[in-house]
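Visitor: Before we start, here is the structure in question, set down as structure tokens.
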Amino acid sequence: MDEEKELRQLKKRLTELAEKSSRQNIYTYTGFLGMAEQDVFHQLERELSYAHPILSGGSELAERQLVRFGNPEDMGYEEEFPIALLKIMPLQQKYADALGHRDFLGALMNLGIERSTLGDIFLKDNCGYLFCLESIVDFIAEELRKVKHTDVKCTLAEVSEALEKQEKVRRNLTVSSERADAVIAALYHLSRTQSAELFKARRVFVNGKMCENNSSVLRSGDAVSVRGEGKFYYDGADRETKKGKLSVGILLYESR
């Protein structure tokens, strides 16, 4: 019930932000939205189209996204999303713990920060690269001193520094069909039953929209996020194998 209440409140908030942007002719923004929250936005997207909403998380790789309402043509100027990138790095790498996503997120949440002010965290060289609202940068830089047992410092970073070696790599899978559950099962080495359970658990999102129909067919260009597993882009079927199956392509971001 609490989740349903939160989603109803989000619908109301999205509507209010769209109306405010249109009425006052200003840009308005949500906080960072998770996949389930983005699904709520997509349910309202057509209704709110008059306010020209667009999404950004700071990078194409980012799953958590802000929604911005406002049309540059009407306002006469463009405005950047209020997103900053912070590098959280050990003071002494030689003596640092091995730090993971949960370690960085846990340390940040222990500061009493609202989750909606924090975007994705990318890991590189035992450092955390955090997309966050510009309004929270100074607070984090001043207050975040330790992750696990490791002393850290925070500095502003460029997206290219965090993601410079991330490239889309194409992989081929052999599947029985282009159904979403078949492709997900093949990619993540799951049984079809296990794959279907992901849909029932509302963990699969296609182009930002929750997908509960495991028999839905993927189309080339679809972005698929599976909570707990990862994200990929479907690149379509190449050919039929001699055994009557399909060879399909997927695109994954991998470090080079």
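Labels for the structure tokens follow display order: chains A, B, ..., residues from 1 in each chain, ligands from 1.
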With the cut-off set at 9 Å and counting only C-alpha atoms, tabulate each residue of region 118-216 of chain A with an atom at most that distance from an atom of region 224-230 of chain A, showing the nearest atom pair and its distance in Å to one decimal, ordered by chain and increasing number, as a Markdown table.

Guide:
| residue | atom | partner | partner_atom | distance |
| --- | --- | --- | --- | --- |
| A:Ala180 | CA | A:Val224 | CA | 9.0 |
| A:Ile184 | CA | A:Val226 | CA | 8.4 |
| A:Tyr188 | CA | A:Glu229 | CA | 7.3 |
| A:Leu198 | CA | A:Val226 | CA | 7.8 |
| A:Arg202 | CA | A:Arg227 | CA | 8.8 |
| A:Arg203 | CA | A:Arg227 | CA | 5.1 |
| A:Val204 | CA | A:Val226 | CA | 4.7 |
| A:Phe205 | CA | A:Ser225 | CA | 5.1 |
| A:Val206 | CA | A:Val224 | CA | 4.6 |
| A:Asn207 | CA | A:Val224 | CA | 6.3 |
| A:Gly208 | CA | A:Ser225 | CA | 7.8 |

Visitor: With N, CA and C atoms retained, could you export that selection as a CSV table (one decimal), in the first residue's frame?

Guide:
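Full text of result_15.csv as output:
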chain,number,residue,atom,x,y,z
A,180,ALA,N,10.5,-11.5,-25.3
A,180,ALA,CA,11.4,-10.9,-24.3
A,180,ALA,C,11.9,-12.0,-23.4
A,184,ILE,N,16.0,-12.7,-22.7
A,184,ILE,CA,16.5,-12.5,-21.4
A,184,ILE,C,17.0,-13.8,-20.8
A,188,TYR,N,21.1,-14.0,-19.8
A,188,TYR,CA,21.5,-14.1,-18.4
A,188,TYR,C,21.5,-15.6,-17.9
A,198,LEU,N,10.8,-13.0,-13.6
A,198,LEU,CA,11.3,-11.7,-13.5
A,198,LEU,C,10.1,-10.7,-14.0
A,202,ARG,N,7.9,-7.8,-11.7
A,202,ARG,CA,7.9,-6.4,-12.2
A,202,ARG,C,9.3,-5.9,-12.2
A,203,ARG,N,10.2,-6.7,-12.7
A,203,ARG,CA,11.7,-6.3,-12.7
A,203,ARG,C,12.2,-6.0,-14.1
A,204,VAL,N,11.3,-6.1,-15.1
A,204,VAL,CA,11.7,-6.0,-16.5
A,204,VAL,C,11.1,-4.7,-17.1
A,205,PHE,N,11.9,-3.9,-17.7
A,205,PHE,CA,11.4,-2.6,-18.3
A,205,PHE,C,12.0,-2.5,-19.7
A,206,VAL,N,11.1,-2.2,-20.6
A,206,VAL,CA,11.4,-2.0,-22.0
A,206,VAL,C,11.2,-0.6,-22.4
A,207,ASN,N,12.3,0.1,-22.8
A,207,ASN,CA,12.2,1.5,-23.1
A,207,ASN,C,11.6,2.4,-22.0
A,208,GLY,N,12.0,2.0,-20.8
A,208,GLY,CA,11.6,2.7,-19.6
A,208,GLY,C,10.2,2.3,-19.1

Visitor: If you count only C-alpha atoms, which residues fall within 8 Å of region 52-54 of chain A, apart from same-chain ones fewer than 2 positions away, as a PyMOL selection string?

Guide: chain A and resi 18+45+48-50+56+67-71

Visitor: Report as a list in words all protein, DNA and RNA residues lying within 10 Å of region 97-102 of chain A, evaluated on only C-alpha atoms, omitting residues in the same chain fewer than 6 positions from it.

Guide: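 Final neighbour list, sorted by chain and number: Met89, Pro90, Leu108, Asp120, Ile121, Phe122, Leu123, Lys124, Asp125, Asn126, Cys127, Gly128, Tyr129, Val147, Lys148, His149, Thr150 and Asp151 of chain A.
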
Visitor: Contacts of Arg8 (chain A) at 12 Å or less, counting only C-alpha atoms, minus same-chain residues fewer than 4 places along, as a PyMOL selection string?

Guide: chain A and resi 1-4+12-15+37+40-41+43-44

Visitor: Please return as a ChimeraX atom specification: the residues of region 28-138 of chain A that backbone DSSP assigns to helix (DSSP H, G or I).

Guide: /A:35-44,49-51,72-75,93-95,101-109,115-117,134-138

Visitor: Between A:Ile250, A:Ala185, A:Ala201, A:Ile136, which one has atoms that come closest to Ser220 (chain A), using only C-alpha atoms?

Guide: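 Of the candidates, the smallest distance to Ser220 (chain A) is held by A:Ile250.
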
Visitor: Quick check for you: according to DSSP on this backbone, which residues of region 121-225 of chain A are classed as strand (DSSP E)? Reply as a PyMOL selection string.

Guide: chain A and resi 121-124+127-133+146-147+150-156+166-175+204-206+209-210+223-225

Visitor: Would you write out those residues with C-alpha atoms, as a PDB file, in the first residue's frame?

Guide:
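The new file result.pdb reads:
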ATOM      1  CA  ILE A 121      26.933   5.169  -9.373  1.00  0.00           C
ATOM      2  CA  PHE A 122      29.578   3.815 -11.741  1.00  0.00           C
ATOM      3  CA  LEU A 123      32.671   1.993 -10.529  1.00  0.00           C
ATOM      4  CA  LYS A 124      36.151   2.414 -11.940  1.00  0.00           C
ATOM      5  CA  CYS A 127      36.416   4.778  -7.152  1.00  0.00           C
ATOM      6  CA  GLY A 128      32.735   5.620  -7.290  1.00  0.00           C
ATOM      7  CA  TYR A 129      31.447   8.071  -9.882  1.00  0.00           C
ATOM      8  CA  LEU A 130      28.147   9.475  -8.658  1.00  0.00           C
ATOM      9  CA  PHE A 131      25.592  11.381 -10.706  1.00  0.00           C
ATOM     10  CA  CYS A 132      23.692  13.661  -8.327  1.00  0.00           C
ATOM     11  CA  LEU A 133      21.795  16.935  -8.181  1.00  0.00           C
ATOM     12  CA  LYS A 146      34.497   7.359   4.802  1.00  0.00           C
ATOM     13  CA  VAL A 147      33.172   4.431   2.749  1.00  0.00           C
ATOM     14  CA  THR A 150      38.248   3.621   3.880  1.00  0.00           C
ATOM     15  CA  ASP A 151      38.862   7.360   4.090  1.00  0.00           C
ATOM     16  CA  VAL A 152      37.695   9.088   0.916  1.00  0.00           C
ATOM     17  CA  LYS A 153      37.544  12.485  -0.743  1.00  0.00           C
ATOM     18  CA  CYS A 154      35.122  13.862  -3.343  1.00  0.00           C
ATOM     19  CA  THR A 155      35.924  15.934  -6.409  1.00  0.00           C
ATOM     20  CA  LEU A 156      33.959  17.013  -9.459  1.00  0.00           C
ATOM     21  CA  GLN A 166      32.694   2.050 -22.060  1.00  0.00           C
ATOM     22  CA  GLU A 167      31.643   0.968 -25.532  1.00  0.00           C
ATOM     23  CA  LYS A 168      28.688  -0.898 -26.976  1.00  0.00           C
ATOM     24  CA  VAL A 169      29.742  -4.417 -27.863  1.00  0.00           C
ATOM     25  CA  ARG A 170      27.542  -6.650 -30.013  1.00  0.00           C
ATOM     26  CA  ARG A 171      26.907 -10.222 -28.955  1.00  0.00           C
ATOM     27  CA  ASN A 172      24.903 -12.900 -30.718  1.00  0.00           C
ATOM     28  CA  LEU A 173      22.471 -15.227 -28.998  1.00  0.00           C
ATOM     29  CA  THR A 174      20.598 -18.249 -30.292  1.00  0.00           C
ATOM     30  CA  VAL A 175      16.971 -18.152 -29.177  1.00  0.00           C
ATOM     31  CA  VAL A 204      11.672  -5.955 -16.500  1.00  0.00           C
ATOM     32  CA  PHE A 205      11.441  -2.596 -18.269  1.00  0.00           C
ATOM     33  CA  VAL A 206      11.422  -2.014 -22.014  1.00  0.00           C
ATOM     34  CA  LYS A 209       8.136   1.106 -19.335  1.00  0.00           C
ATOM     35  CA  MET A 210       7.407  -1.789 -17.027  1.00  0.00           C
ATOM     36  CA  ALA A 223      16.381  -0.768 -24.474  1.00  0.00           C
ATOM     37  CA  VAL A 224      15.767  -3.508 -21.910  1.00  0.00           C
ATOM     38  CA  SER A 225      16.548  -3.158 -18.196  1.00  0.00           C
TER      39      SER A 225
END

Visitor: Given the choices A:Ala36, A:Ala162, A:Glu19, A:Glu73, which gets closest to Ser59 (chain A) if the distance is worked out from only C-alpha atoms?

Guide: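 Distance minimum relative to Ser59 (chain A) lands on A:Ala162.
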